[in-house]
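Listing of my_file-v7.tsv; format and content: TSV, C-alpha atoms.
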```tsv
chain	number	residue	atom	x	y	z
C	168	MET	CA	115.68	80.85	124.68
C	169	THR	CA	114.41	81.53	128.19
C	170	LEU	CA	117.24	81.62	130.71
C	171	ASP	CA	116.14	80.30	134.11
C	172	LEU	CA	118.42	81.83	136.74
C	173	SER	CA	117.73	78.96	139.16
C	174	LYS	CA	119.27	76.49	136.68
C	175	LEU	CA	122.30	78.67	136.10
C	176	GLN	CA	123.40	79.43	139.64
C	177	GLY	CA	126.78	78.00	140.50
C	178	LEU	CA	128.07	77.77	136.92
C	179	LYS	CA	131.68	78.85	136.57
C	180	THR	CA	131.83	81.73	134.10
C	181	PRO	CA	132.41	82.56	131.36
C	182	VAL	CA	130.40	79.66	129.95
C	183	TYR	CA	128.40	79.02	126.80
C	184	VAL	CA	124.92	77.72	127.57
C	185	TYR	CA	122.91	76.03	124.82
C	186	ASP	CA	119.19	75.34	124.72
C	187	ARG	CA	118.69	71.77	123.50
C	188	ALA	CA	114.93	72.20	123.05
C	189	LEU	CA	115.32	75.28	120.84
C	190	LEU	CA	117.94	73.56	118.68
C	191	GLU	CA	115.65	70.55	118.26
C	192	ALA	CA	112.74	72.83	117.31
C	193	THR	CA	114.93	74.66	114.80
C	194	LEU	CA	116.05	71.42	113.18
C	195	GLN	CA	112.46	70.20	113.00
C	196	GLU	CA	111.35	73.45	111.34
C	197	ILE	CA	113.98	73.05	108.64
C	198	LYS	CA	113.01	69.42	108.06
C	199	SER	CA	109.36	70.35	107.70
C	200	CYS	CA	110.25	73.03	105.12
C	201	ILE	CA	112.24	70.68	102.87
C	202	GLU	CA	110.34	67.42	103.30
C	203	GLY	CA	109.64	65.82	99.92
C	204	LYS	CA	111.63	68.49	98.08
C	205	PRO	CA	114.93	68.16	96.16
C	206	VAL	CA	116.90	69.91	98.91
C	207	MET	CA	119.97	68.87	100.89
C	208	VAL	CA	121.03	70.96	103.88
C	209	HIS	CA	124.68	70.91	104.94
C	210	TYR	CA	125.42	72.32	108.39
C	211	ALA	CA	128.24	74.90	108.24
C	212	VAL	CA	130.54	73.44	110.90
C	213	LYS	CA	132.50	76.68	111.30
C	214	ALA	CA	129.48	78.28	113.02
C	215	ASN	CA	129.78	76.00	116.03
C	216	CYS	CA	131.88	72.85	116.26
C	217	ASN	CA	130.77	71.85	119.76
C	218	PRO	CA	130.71	68.02	119.53
C	219	GLU	CA	127.36	67.58	121.26
C	220	ILE	CA	125.67	70.13	119.01
C	221	MET	CA	127.22	68.53	115.93
C	222	LYS	CA	125.93	65.11	117.03
C	223	MET	CA	122.39	66.49	117.32
C	224	ILE	CA	122.54	68.01	113.84
C	225	ALA	CA	124.02	64.87	112.30
C	226	GLY	CA	121.32	62.83	114.05
C	227	ALA	CA	118.67	64.96	112.35
C	228	GLY	CA	119.95	63.70	109.00
C	229	PHE	CA	121.73	66.82	107.77
C	230	GLY	CA	125.01	66.92	105.91
C	231	ALA	CA	128.06	68.99	106.79
C	232	ASP	CA	129.79	71.93	105.11
C	233	CYS	CA	133.47	71.99	106.06
C	234	VAL	CA	136.23	74.52	105.43
C	235	SER	CA	139.24	72.63	106.81
C	236	GLY	CA	140.58	69.14	107.17
C	237	GLY	CA	140.02	69.41	110.91
C	238	GLU	CA	136.33	70.13	110.35
C	239	ILE	CA	136.05	67.07	108.08
C	240	LYS	CA	137.48	64.87	110.84
C	241	ALA	CA	135.19	66.46	113.43
C	242	ALA	CA	132.14	65.99	111.20
C	243	VAL	CA	132.87	62.31	110.61
C	244	ALA	CA	133.50	61.81	114.35
C	245	ALA	CA	130.14	63.47	115.13
C	246	GLY	CA	128.28	61.04	112.87
C	247	PHE	CA	127.83	62.95	109.62
C	248	ALA	CA	127.80	60.56	106.67
C	249	PRO	CA	130.99	61.18	104.63
C	250	GLU	CA	129.01	61.34	101.39
C	251	SER	CA	126.95	64.19	102.90
C	252	ILE	CA	130.05	66.35	103.46
C	253	CYS	CA	131.13	69.13	101.11
C	254	TYR	CA	134.45	70.91	101.50
C	255	ALA	CA	135.15	74.52	100.51
C	256	GLY	CA	138.07	76.89	101.02
C	257	VAL	CA	140.46	78.95	98.93
C	258	GLY	CA	143.60	77.48	100.48
C	259	LYS	CA	143.15	73.73	100.93
C	260	THR	CA	146.50	72.11	101.67
C	261	ASP	CA	147.54	68.80	100.12
C	262	ASP	CA	147.07	67.08	103.49
C	263	GLU	CA	143.57	68.52	103.85
C	264	ILE	CA	142.65	67.42	100.35
C	265	LEU	CA	143.95	63.96	101.15
C	266	THR	CA	141.82	63.91	104.31
C	267	GLY	CA	138.73	64.58	102.22
C	268	VAL	CA	139.64	62.00	99.57
C	269	LYS	CA	140.34	59.27	102.13
C	270	ALA	CA	137.15	60.07	104.02
C	271	GLY	CA	135.11	59.69	100.82
C	272	ILE	CA	133.35	63.05	101.11
C	273	GLY	CA	130.52	63.93	98.73
C	274	PHE	CA	132.22	66.72	96.81
C	275	PHE	CA	134.83	69.46	96.91
C	276	ASN	CA	133.77	73.05	96.28
C	277	VAL	CA	136.67	74.28	94.14
C	278	GLU	CA	137.70	77.94	94.16
C	279	SER	CA	140.36	78.17	91.46
C	280	ILE	CA	141.71	76.49	88.34
C	281	GLU	CA	145.01	76.01	90.18
C	282	GLU	CA	143.17	74.01	92.84
C	283	LEU	CA	141.73	71.69	90.18
C	284	GLU	CA	145.23	70.70	89.13
C	285	ILE	CA	146.25	69.79	92.70
C	286	LEU	CA	142.99	67.94	93.36
C	287	ASN	CA	143.48	65.85	90.24
C	288	ALA	CA	147.08	65.03	91.21
C	289	VAL	CA	146.15	63.96	94.75
C	290	ALA	CA	143.20	61.91	93.48
C	291	LYS	CA	145.42	60.19	90.92
C	292	GLU	CA	147.93	59.20	93.59
C	293	GLU	CA	145.09	57.69	95.62
C	294	GLY	CA	143.54	55.95	92.62
C	295	ALA	CA	140.30	57.87	93.20
C	296	VAL	CA	137.86	59.90	91.15
C	297	ILE	CA	136.46	62.80	93.14
C	298	ASN	CA	133.40	64.98	92.61
C	299	VAL	CA	133.95	68.71	92.26
C	300	ALA	CA	131.57	71.66	92.21
C	301	LEU	CA	132.95	74.93	90.90
C	302	ARG	CA	132.50	77.87	93.26
C	303	VAL	CA	131.39	80.75	91.08
C	304	ASN	CA	131.79	84.37	92.16
C	305	PRO	CA	128.46	85.86	90.98
C	306	ASN	CA	129.33	89.50	91.81
C	307	ILE	CA	126.22	90.02	93.93
C	308	ASP	CA	126.24	92.44	96.87
C	309	ALA	CA	124.52	90.83	99.86
C	310	HIS	CA	124.39	94.23	101.65
C	311	THR	CA	125.99	92.89	104.81
C	312	HIS	CA	129.21	93.66	106.71
C	313	HIS	CA	132.18	93.92	104.35
C	314	TYR	CA	134.04	91.25	106.34
C	315	ILE	CA	131.30	88.69	105.61
C	316	THR	CA	130.40	89.66	102.05
C	317	THR	CA	131.88	86.96	99.83
C	318	GLY	CA	130.26	87.23	96.40
C	319	LEU	CA	131.76	90.39	94.93
C	320	GLU	CA	134.42	90.47	92.23
C	321	GLU	CA	137.07	91.88	94.57
C	322	ASN	CA	136.60	89.10	97.15
C	323	LYS	CA	139.18	86.31	97.36
C	324	PHE	CA	136.52	83.64	97.05
C	325	GLY	CA	135.37	81.71	94.02
C	326	ILE	CA	136.05	81.65	90.29
C	327	ASP	CA	135.32	84.78	88.28
C	328	LEU	CA	132.46	84.26	85.80
C	329	ARG	CA	134.85	85.15	82.98
C	330	LEU	CA	137.01	82.14	83.91
C	331	LEU	CA	134.17	79.63	84.30
C	332	ASP	CA	134.41	78.29	80.72
C	333	LYS	CA	138.10	77.59	81.24
C	334	ALA	CA	137.45	75.88	84.59
C	335	ILE	CA	134.79	73.60	83.10
C	336	LYS	CA	137.09	72.62	80.23
C	337	THR	CA	139.90	71.99	82.71
C	338	VAL	CA	137.75	69.55	84.70
C	339	ALA	CA	136.74	67.76	81.49
C	340	SER	CA	140.40	67.24	80.62
C	341	MET	CA	141.25	65.60	83.95
C	342	SER	CA	140.84	61.86	84.42
C	343	ASN	CA	140.39	61.89	88.19
C	344	LEU	CA	137.84	64.70	88.52
C	345	GLU	CA	134.10	64.55	87.91
C	346	LEU	CA	132.15	67.81	87.53
C	347	CYS	CA	129.03	67.51	89.67
C	348	GLY	CA	127.81	71.05	90.17
C	349	LEU	CA	128.08	74.76	90.75
C	350	HIS	CA	128.61	76.38	94.12
C	351	PHE	CA	127.85	79.92	95.28
C	352	HIS	CA	128.00	81.87	98.54
C	353	ILE	CA	127.27	85.59	98.57
C	354	GLY	CA	127.68	86.43	102.26
C	355	SER	CA	126.40	85.98	105.79
C	356	GLN	CA	123.75	87.47	108.09
C	357	ILE	CA	121.41	88.23	105.17
C	358	THR	CA	118.00	89.20	106.56
C	359	VAL	CA	116.06	90.02	103.38
C	360	MET	CA	115.31	87.70	100.48
C	361	ASP	CA	116.22	90.06	97.61
C	362	PRO	CA	119.89	88.98	97.36
C	363	PHE	CA	118.81	85.33	97.14
C	364	VAL	CA	116.39	86.20	94.32
C	365	LEU	CA	119.23	87.89	92.42
C	366	LEU	CA	121.41	84.83	93.00
C	367	CYS	CA	118.70	82.52	91.64
C	368	GLU	CA	118.39	84.62	88.51
C	369	LYS	CA	122.15	84.49	87.96
C	370	ILE	CA	122.16	80.71	88.50
C	371	ASN	CA	119.26	80.18	86.08
C	372	GLY	CA	121.19	81.98	83.37
C	373	LEU	CA	124.26	79.81	83.94
C	374	ILE	CA	122.27	76.57	83.97
C	375	GLU	CA	120.60	77.44	80.67
C	376	HIS	CA	123.82	78.66	79.08
C	377	TYR	CA	125.72	75.47	79.83
C	378	ARG	CA	122.78	73.17	79.15
C	379	LYS	CA	122.89	74.38	75.55
C	380	GLN	CA	126.53	73.26	75.50
C	381	GLY	CA	125.65	69.82	76.84
C	382	VAL	CA	126.91	70.50	80.36
C	383	GLU	CA	124.57	69.52	83.20
C	384	PHE	CA	125.02	70.17	86.92
C	385	LYS	CA	123.44	67.73	89.37
C	386	VAL	CA	124.35	69.89	92.36
C	387	ILE	CA	123.26	73.52	92.66
C	388	ASP	CA	124.80	74.71	95.92
C	389	VAL	CA	123.66	78.20	96.92
C	390	GLY	CA	125.79	78.33	100.07
C	391	GLY	CA	124.34	79.79	103.23
C	392	GLY	CA	123.88	83.30	104.52
C	393	LEU	CA	120.44	83.36	106.15
C	394	GLY	CA	120.64	85.68	109.17
C	395	ILE	CA	119.06	85.72	112.62
C	396	ASP	CA	117.36	88.42	114.69
C	397	TYR	CA	120.04	89.66	117.08
C	398	ASP	CA	117.81	92.51	118.30
C	399	ASN	CA	114.79	90.43	119.33
C	400	PRO	CA	115.95	86.87	120.02
C	401	ASP	CA	112.94	85.95	122.18
C	402	ALA	CA	110.44	87.27	119.62
C	403	ASN	CA	112.15	85.45	116.73
C	404	PRO	CA	114.01	82.42	118.10
C	405	ILE	CA	113.67	80.51	114.82
C	406	PRO	CA	114.70	82.23	111.55
C	407	PRO	CA	112.28	82.48	108.58
C	408	PHE	CA	113.22	79.17	106.98
C	409	LYS	CA	109.95	78.87	105.07
C	410	ALA	CA	110.46	82.21	103.33
C	411	TYR	CA	114.08	81.26	102.61
C	412	PHE	CA	113.35	77.87	101.04
C	413	ASP	CA	110.21	79.15	99.27
C	414	THR	CA	112.29	81.94	97.72
C	415	LEU	CA	114.95	79.57	96.47
C	416	LEU	CA	112.62	76.88	95.18
C	417	SER	CA	110.23	79.31	93.49
C	418	HIS	CA	112.95	81.29	91.72
C	419	LEU	CA	115.40	78.55	90.81
C	420	HIS	CA	114.60	76.62	87.62
C	421	LEU	CA	115.81	73.20	88.71
C	422	GLY	CA	115.73	70.50	86.07
C	423	GLU	CA	115.35	66.74	86.20
C	424	GLY	CA	117.91	65.20	88.54
C	425	GLN	CA	119.10	68.50	89.98
C	426	THR	CA	119.26	69.02	93.74
C	427	LEU	CA	119.40	72.27	95.66
C	428	HIS	CA	122.11	72.27	98.33
C	429	CYS	CA	122.25	74.84	101.15
C	430	GLU	CA	124.94	75.46	103.76
C	431	LEU	CA	123.19	76.84	106.83
C	432	GLY	CA	125.18	77.59	109.98
C	433	ARG	CA	124.29	80.68	111.97
C	434	SER	CA	120.57	80.24	111.31
C	435	ILE	CA	120.65	76.74	112.82
C	436	VAL	CA	122.63	77.39	116.01
C	437	GLY	CA	122.78	81.17	116.53
C	438	GLN	CA	119.76	81.63	118.77
C	439	CYS	CA	120.20	78.50	120.89
C	440	GLY	CA	123.34	79.78	122.60
C	441	SER	CA	124.18	82.48	125.15
C	442	LEU	CA	127.49	83.43	126.73
C	443	LEU	CA	127.09	83.81	130.47
C	444	SER	CA	129.45	86.06	132.40
C	445	LYS	CA	129.65	87.57	135.86
C	446	VAL	CA	130.26	91.18	136.75
C	447	THR	CA	133.75	91.62	138.18
C	448	PHE	CA	133.48	95.36	138.85
C	449	VAL	CA	131.07	98.24	138.33
C	450	LYS	CA	133.45	101.12	137.71
C	451	GLU	CA	132.45	104.76	138.17
C	452	GLY	CA	134.08	107.04	135.61
C	453	ILE	CA	133.64	110.76	134.99
C	454	GLY	CA	130.22	110.94	133.42
C	455	LYS	CA	130.21	107.22	132.53
C	456	LYS	CA	129.79	103.88	134.29
C	457	PHE	CA	131.43	100.64	133.21
C	458	VAL	CA	130.23	97.10	133.80
C	459	ILE	CA	133.37	94.97	133.63
C	460	LEU	CA	132.72	91.29	132.92
C	461	ASP	CA	134.82	88.19	133.41
C	462	ALA	CA	134.17	87.37	129.72
C	463	GLY	CA	136.26	89.11	127.10
C	464	MET	CA	136.76	89.40	123.37
C	465	ASN	CA	138.71	86.14	123.46
C	466	ASP	CA	135.47	84.40	124.53
C	467	LEU	CA	133.18	86.22	122.08
C	468	MET	CA	135.05	87.83	119.19
C	469	ARG	CA	132.18	89.17	117.06
C	470	PRO	CA	131.77	92.60	118.71
C	471	ALA	CA	135.49	93.37	118.45
C	472	LEU	CA	135.89	91.88	114.97
C	473	TYR	CA	132.71	93.08	113.24
C	474	GLY	CA	131.33	95.73	115.57
C	475	ALA	CA	128.50	93.25	116.09
C	476	HIS	CA	126.00	93.67	118.90
C	477	HIS	CA	124.46	90.99	121.10
C	478	ASN	CA	121.55	91.70	123.43
C	479	ILE	CA	122.90	92.07	126.95
C	480	GLU	CA	120.70	90.94	129.84
C	481	ASN	CA	121.29	91.16	133.59
C	482	LEU	CA	119.68	87.93	134.81
C	483	SER	CA	120.35	88.65	138.48
C	484	ALA	CA	118.72	92.09	138.34
C	485	ALA	CA	115.72	90.65	136.51
C	486	ALA	CA	115.22	88.28	139.43
C	487	ARG	CA	115.51	91.14	141.94
C	488	GLN	CA	112.96	93.29	140.07
C	489	GLY	CA	112.36	96.95	140.77
C	490	ASP	CA	115.92	98.14	140.11
C	491	GLU	CA	116.15	101.47	138.32
C	492	VAL	CA	117.55	101.45	134.80
C	493	GLU	CA	121.03	102.89	134.42
C	494	VAL	CA	123.37	103.40	131.45
C	495	TYR	CA	126.64	101.50	131.21
C	496	ASP	CA	129.42	100.59	128.81
C	497	VAL	CA	129.73	96.80	129.09
C	498	VAL	CA	133.34	95.71	128.63
C	499	GLY	CA	135.68	92.79	129.16
C	500	PRO	CA	139.06	92.44	130.92
C	501	ILE	CA	141.28	92.05	127.83
C	502	CYS	CA	144.10	94.53	127.31
C	503	GLU	CA	142.56	95.90	124.09
C	504	SER	CA	140.41	99.00	123.64
C	505	SER	CA	138.17	96.99	121.30
C	506	ASP	CA	137.16	94.63	124.13
C	507	ILE	CA	133.70	96.17	124.35
C	508	PHE	CA	130.38	94.30	124.23
C	509	GLY	CA	128.12	97.33	124.25
C	510	LYS	CA	128.18	101.08	124.71
C	511	GLU	CA	125.46	103.04	126.53
C	512	GLU	CA	123.56	99.89	127.39
C	513	ARG	CA	120.40	100.44	129.42
C	514	LEU	CA	120.40	97.84	132.19
C	515	PRO	CA	118.82	97.51	135.61
C	516	ALA	CA	121.15	98.77	138.33
C	517	THR	CA	124.01	96.30	138.14
C	518	ARG	CA	126.18	94.98	140.96
C	519	ARG	CA	129.39	93.01	141.36
C	520	GLY	CA	128.64	89.30	140.97
C	521	ASP	CA	125.52	89.74	138.82
C	522	LEU	CA	125.05	87.14	136.10
C	523	ILE	CA	125.00	88.65	132.60
C	524	ALA	CA	123.82	86.93	129.41
C	525	LEU	CA	125.15	87.85	125.97
C	526	ARG	CA	122.39	86.51	123.77
C	527	SER	CA	122.32	84.95	120.27
C	528	ALA	CA	125.88	83.69	120.73
C	529	GLY	CA	125.42	80.14	119.46
C	530	ALA	CA	127.15	80.91	116.15
C	531	TYR	CA	130.73	82.17	115.80
C	532	GLY	CA	131.06	82.40	119.56
C	533	GLU	CA	132.59	79.25	120.99
C	534	SER	CA	134.09	78.31	117.61
C	535	MET	CA	136.07	81.59	117.41
C	536	ALA	CA	137.16	81.67	121.06
C	537	SER	CA	140.88	81.87	121.78
C	538	THR	CA	143.34	81.81	124.67
C	539	TYR	CA	144.51	85.38	124.07
C	540	ASN	CA	146.05	86.90	127.22
C	541	MET	CA	146.63	83.27	128.32
C	542	ARG	CA	143.00	83.00	129.34
C	543	PRO	CA	141.41	79.53	129.33
C	544	LEU	CA	138.81	78.69	126.70
C	545	PRO	CA	135.23	79.15	127.93
C	546	ALA	CA	133.36	76.07	129.07
C	547	SER	CA	130.05	75.00	127.53
C	548	ILE	CA	126.93	73.21	128.67
C	549	LEU	CA	123.87	71.89	126.84
C	550	LEU	CA	120.70	72.37	128.91
```
Do you think you could lay out the structure here as structure tokens?
Amino acid sequence: MTLDLSKLQGLKTPVYVYDRALLEATLQEIKSCIEGKPVMVHYAVKANCNPEIMKMIAGAGFGADCVSGGEIKAAVAAGFAPESICYAGVGKTDDEILTGVKAGIGFFNVESIEELEILNAVAKEEGAVINVALRVNPNIDAHTHHYITTGLEENKFGIDLRLLDKAIKTVASMSNLELCGLHFHIGSQITVMDPFVLLCEKINGLIEHYRKQGVEFKVIDVGGGLGIDYDNPDANPIPPFKAYFDTLLSHLHLGEGQTLHCELGRSIVGQCGSLLSKVTFVKEGIGKKFVILDAGMNDLMRPALYGAHHNIENLSAAARQGDEVEVYDVVGPICESSDIFGKEERLPATRRGDLIALRSAGAYGESMASTYNMRPLPASILL
């Protein structure tokens, strides 16, 4: 994503800026990788629920992966076909379940035996039969941040493998549930293929085990998790989708009538967005300089929540050229010590009013923004 300062002058900050062309190119790359193959991609709405972005993704023919009733409503409003929507979450309320049933979504990803009982009761009241995929906890370490690792035994997500037999028998005993598949998700921001290979091997064993018992799964949902290059966004604006899909399709032993489902979020929208902010002050400390922005952790939560790092660029200084490089801590205005975007950042000499870009912020940026400290939500624009 090339940020043209001339197109950005006059924007009120903080503001999320999205590159329409890059998003379109990303969607096209995914489509080219799965064309003619038994693959269905569901966009993980939680990554970015900006309505205009969702409309573009729905228009490309993708499905939606939702984790709340609100996301289901937003997905339908954006144009996603209800039958292309899957719904996961460990704590679905009765009202949220009812939202999914009434919308006619494709399937529920179920995370506990207790949830099966509630789903069946709600479906019975509505006179409906709903499709369910059982979310299995495969106990695979995705080697990512512990806050976004979801496939280990101690995580709250999914059904333990030792309880899977019981869950399958429970579905079979219920008149308003139809078992359609298995669902997995081992974590996020995975940048090597090895964890996906391990997942495929675990899935193959389960498919074969249950096939011998006469149980077939039409849907094999491997979740999401493919990461992006936060360090070099311009060098790698589009993630390695070919390697990702080739890995899954070459290692999974899909049978007749089985479809691979993926839930990609960050990898679709992460690189197309930047958070723009202006410098409020350049503060001289004792042995340290601070660049204080008008954007804070309420606008972009990832650095404070995960210790994540986004490339920080001074667009105004780049236009000036020739400024000497200096070292700064780049911080926000929030009354929290964790409101830090970067420590010891090497930037061209920075001045009050300079326009700063926090790159690779298209995923889990705008969608996680809050009004903490009574600050307004950041605006957004699609260029």
So what do you get for CA of Ser483 in chain C versus CA of Leu514 in chain C, distance-wise?
->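 Value for the CA of Ser483 in chain C-CA of Leu514 in chain C distance: 11.1 Å.
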Using all atoms listed in the file, give me every residue within 6 Å of (119.4, 100.5, 135.2) in file coordinates, as a VMD selection string.
-> chain C and resid 491 to 493 513 to 516
Requested write-out: C-alpha atoms of the selected residues, as a PDB file, keeping the file's coordinate frame:
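New file result27.pdb:
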```pdb
ATOM      1  CA  GLU C 491     116.150 101.470 138.320  1.00  0.00           C
ATOM      2  CA  VAL C 492     117.550 101.450 134.800  1.00  0.00           C
ATOM      3  CA  GLU C 493     121.030 102.890 134.420  1.00  0.00           C
ATOM      4  CA  ARG C 513     120.400 100.440 129.420  1.00  0.00           C
ATOM      5  CA  LEU C 514     120.400  97.840 132.190  1.00  0.00           C
ATOM      6  CA  PRO C 515     118.820  97.510 135.610  1.00  0.00           C
ATOM      7  CA  ALA C 516     121.150  98.770 138.330  1.00  0.00           C
TER       8      ALA C 516
END
```
Counting all atoms listed in the file, the residue of C:Asp261, C:Glu503, C:Glu345, C:Asp327 that sits nearest Val296 in chain C |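 For Val296 in chain C, the nearest of the given residues is C:Glu345.
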Which residue gives the smallest distance to Ser547 in chain C among C:Thr266, C:Ser534, C:Ser527, C:Gln356, with only C-alpha atoms counted?
->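 Looking at the shortest contact to Ser547 in chain C, the residue is C:Ser534.
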What's the 9 Å shell around Gly394 in chain C, counting only C-alpha atoms, without same-chain residues fewer than 6 positions away, as a list in words?
-> Ser355, Gln356, Ile357, Thr358, Val359, Pro406, Pro407, Arg433, Ser434 and Gly437 of chain C
Record the distance separating CA of Val458 in chain C and CA of Val497 in chain C, expressed in Å with one decimal.
->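 According to the coordinates, CA of Val458 in chain C and CA of Val497 in chain C are separated by 4.7 Å.
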CA of Glu202 in chain C to CA of Asn276 in chain C: how many Å, to one decimal?
->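 CA of Glu202 in chain C sits 25.1 Å away from CA of Asn276 in chain C.
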Which of C:Thr414, C:Asn215, C:Gln176, C:Ser340 sits closest to Met360 in chain C [using only C-alpha atoms] |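 When distances to Met360 in chain C are compared using only C-alpha atoms, the smallest one comes from C:Thr414.
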Residues of range 223-281 of chain C within 12 Å of range 349-352 of chain C: nearest atom pair and distance (Å, one decimal) for each, counting only C-alpha atoms, sorted by chain and number, as a Markdown table?
```
| residue | atom | partner | partner_atom | distance |
| --- | --- | --- | --- | --- |
| C:Asp232 | CA | C:His350 | CA | 11.9 |
| C:Cys253 | CA | C:His350 | CA | 10.4 |
| C:Tyr254 | CA | C:His350 | CA | 10.9 |
| C:Ala255 | CA | C:His350 | CA | 9.3 |
| C:Gly256 | CA | C:His352 | CA | 11.5 |
| C:Phe274 | CA | C:His350 | CA | 10.7 |
| C:Phe275 | CA | C:His350 | CA | 9.7 |
| C:Asn276 | CA | C:His350 | CA | 6.5 |
| C:Val277 | CA | C:His350 | CA | 8.3 |
| C:Glu278 | CA | C:His350 | CA | 9.2 |
```
For Cys367 in chain C, list every protein, DNA or RNA residue within 6 Å, evaluated using only C-alpha atoms, and leave out those in the same chain fewer than 3 positions away; present the list as number ranges by chain.
-> C: 364, 370, 418-419
Neighbour residues at most 8 Å from (133.7, 79.5, 133.5) (all atoms listed in the file) as a list in words =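 With a cut-off of 8 Å, the residues come to Leu178, Lys179, Thr180, Pro181, Val182, Ser444, Pro545 and Ala546 of chain C.
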Which residues, written as a PyMOL selection string, have at least one atom at most 9 Å from Leu525 in chain C, with all atoms listed in the file counted and residues fewer than 4 positions away on the same chain left out?
-> chain C and resi 440-444+477-480+508
Residues just named, written with C-alpha atoms as a short mmCIF file (atom, residue, chain, number, x, y, z; two decimals), keeping the file's coordinate frame:
```cif
data_model
loop_
_atom_site.label_atom_id
_atom_site.label_comp_id
_atom_site.auth_asym_id
_atom_site.auth_seq_id
_atom_site.Cartn_x
_atom_site.Cartn_y
_atom_site.Cartn_z
CA GLY C 440 123.34 79.78 122.60
CA SER C 441 124.18 82.48 125.15
CA LEU C 442 127.49 83.43 126.73
CA LEU C 443 127.09 83.81 130.47
CA SER C 444 129.45 86.06 132.40
CA HIS C 477 124.46 90.99 121.10
CA ASN C 478 121.55 91.70 123.43
CA ILE C 479 122.90 92.07 126.95
CA GLU C 480 120.70 90.94 129.84
CA PHE C 508 130.38 94.30 124.23
#
```
Tell me which of C:Thr337, C:Ile264, C:Pro305, C:Lys269 sits closest to Leu283 in chain C, counting only C-alpha atoms.
->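 Under the stated criterion, the closest residue is C:Thr337.
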Could you pull the residues within 8 Å of Cys200 in chain C, counting all atoms listed in the file, minus those fewer than 6 positions along the same chain, as an NGL selection string?
-> :C and (408-409 or 412)
Nearby residues (all atoms listed in the file) at most 10 Å from Ser505 in chain C, same-chain spacing under 2 positions excluded, as a ChimeraX atom specification = /C:463-464,468,470-472,474,498-499,501-503,507-508
Could all heavy atoms be built for range 172-176 of chain C and written out as a tab-separated table (two decimals), in the frame of the given file?
```tsv
chain	number	residue	atom	x	y	z
C	172	LEU	N	117.30	81.54	135.85
C	172	LEU	CA	118.42	81.83	136.74
C	172	LEU	C	118.65	80.69	137.73
C	172	LEU	O	119.80	80.37	138.06
C	172	LEU	CB	118.16	83.14	137.50
C	172	LEU	CG	119.31	83.65	138.38
C	172	LEU	CD1	120.54	83.95	137.54
C	172	LEU	CD2	118.87	84.88	139.16
C	173	SER	N	117.58	80.03	138.17
C	173	SER	CA	117.73	78.96	139.16
C	173	SER	C	118.54	77.79	138.62
C	173	SER	O	119.19	77.07	139.38
C	173	SER	CB	116.35	78.46	139.61
C	173	SER	OG	115.65	77.85	138.53
C	174	LYS	N	118.52	77.59	137.29
C	174	LYS	CA	119.27	76.49	136.68
C	174	LYS	C	120.71	76.88	136.38
C	174	LYS	O	121.53	76.03	136.05
C	174	LYS	CB	118.58	76.04	135.38
C	174	LYS	CG	117.22	75.41	135.58
C	174	LYS	CD	116.65	74.98	134.24
C	174	LYS	CE	115.28	74.33	134.43
C	174	LYS	NZ	114.69	73.92	133.14
C	175	LEU	N	120.99	78.17	136.50
C	175	LEU	CA	122.30	78.67	136.10
C	175	LEU	C	123.20	79.04	137.28
C	175	LEU	O	124.39	79.28	137.10
C	175	LEU	CB	122.13	79.89	135.19
C	175	LEU	CG	121.25	79.68	133.95
C	175	LEU	CD1	121.03	81.00	133.22
C	175	LEU	CD2	121.86	78.64	133.02
C	176	GLN	N	122.62	79.07	138.46
C	176	GLN	CA	123.40	79.43	139.64
C	176	GLN	C	124.52	78.41	139.85
C	176	GLN	O	124.33	77.21	139.69
C	176	GLN	CB	122.50	79.45	140.88
C	176	GLN	CG	121.41	80.50	140.82
C	176	GLN	CD	121.91	81.91	141.08
C	176	GLN	OE1	123.10	82.18	140.99
C	176	GLN	NE2	121.02	82.81	141.41
```
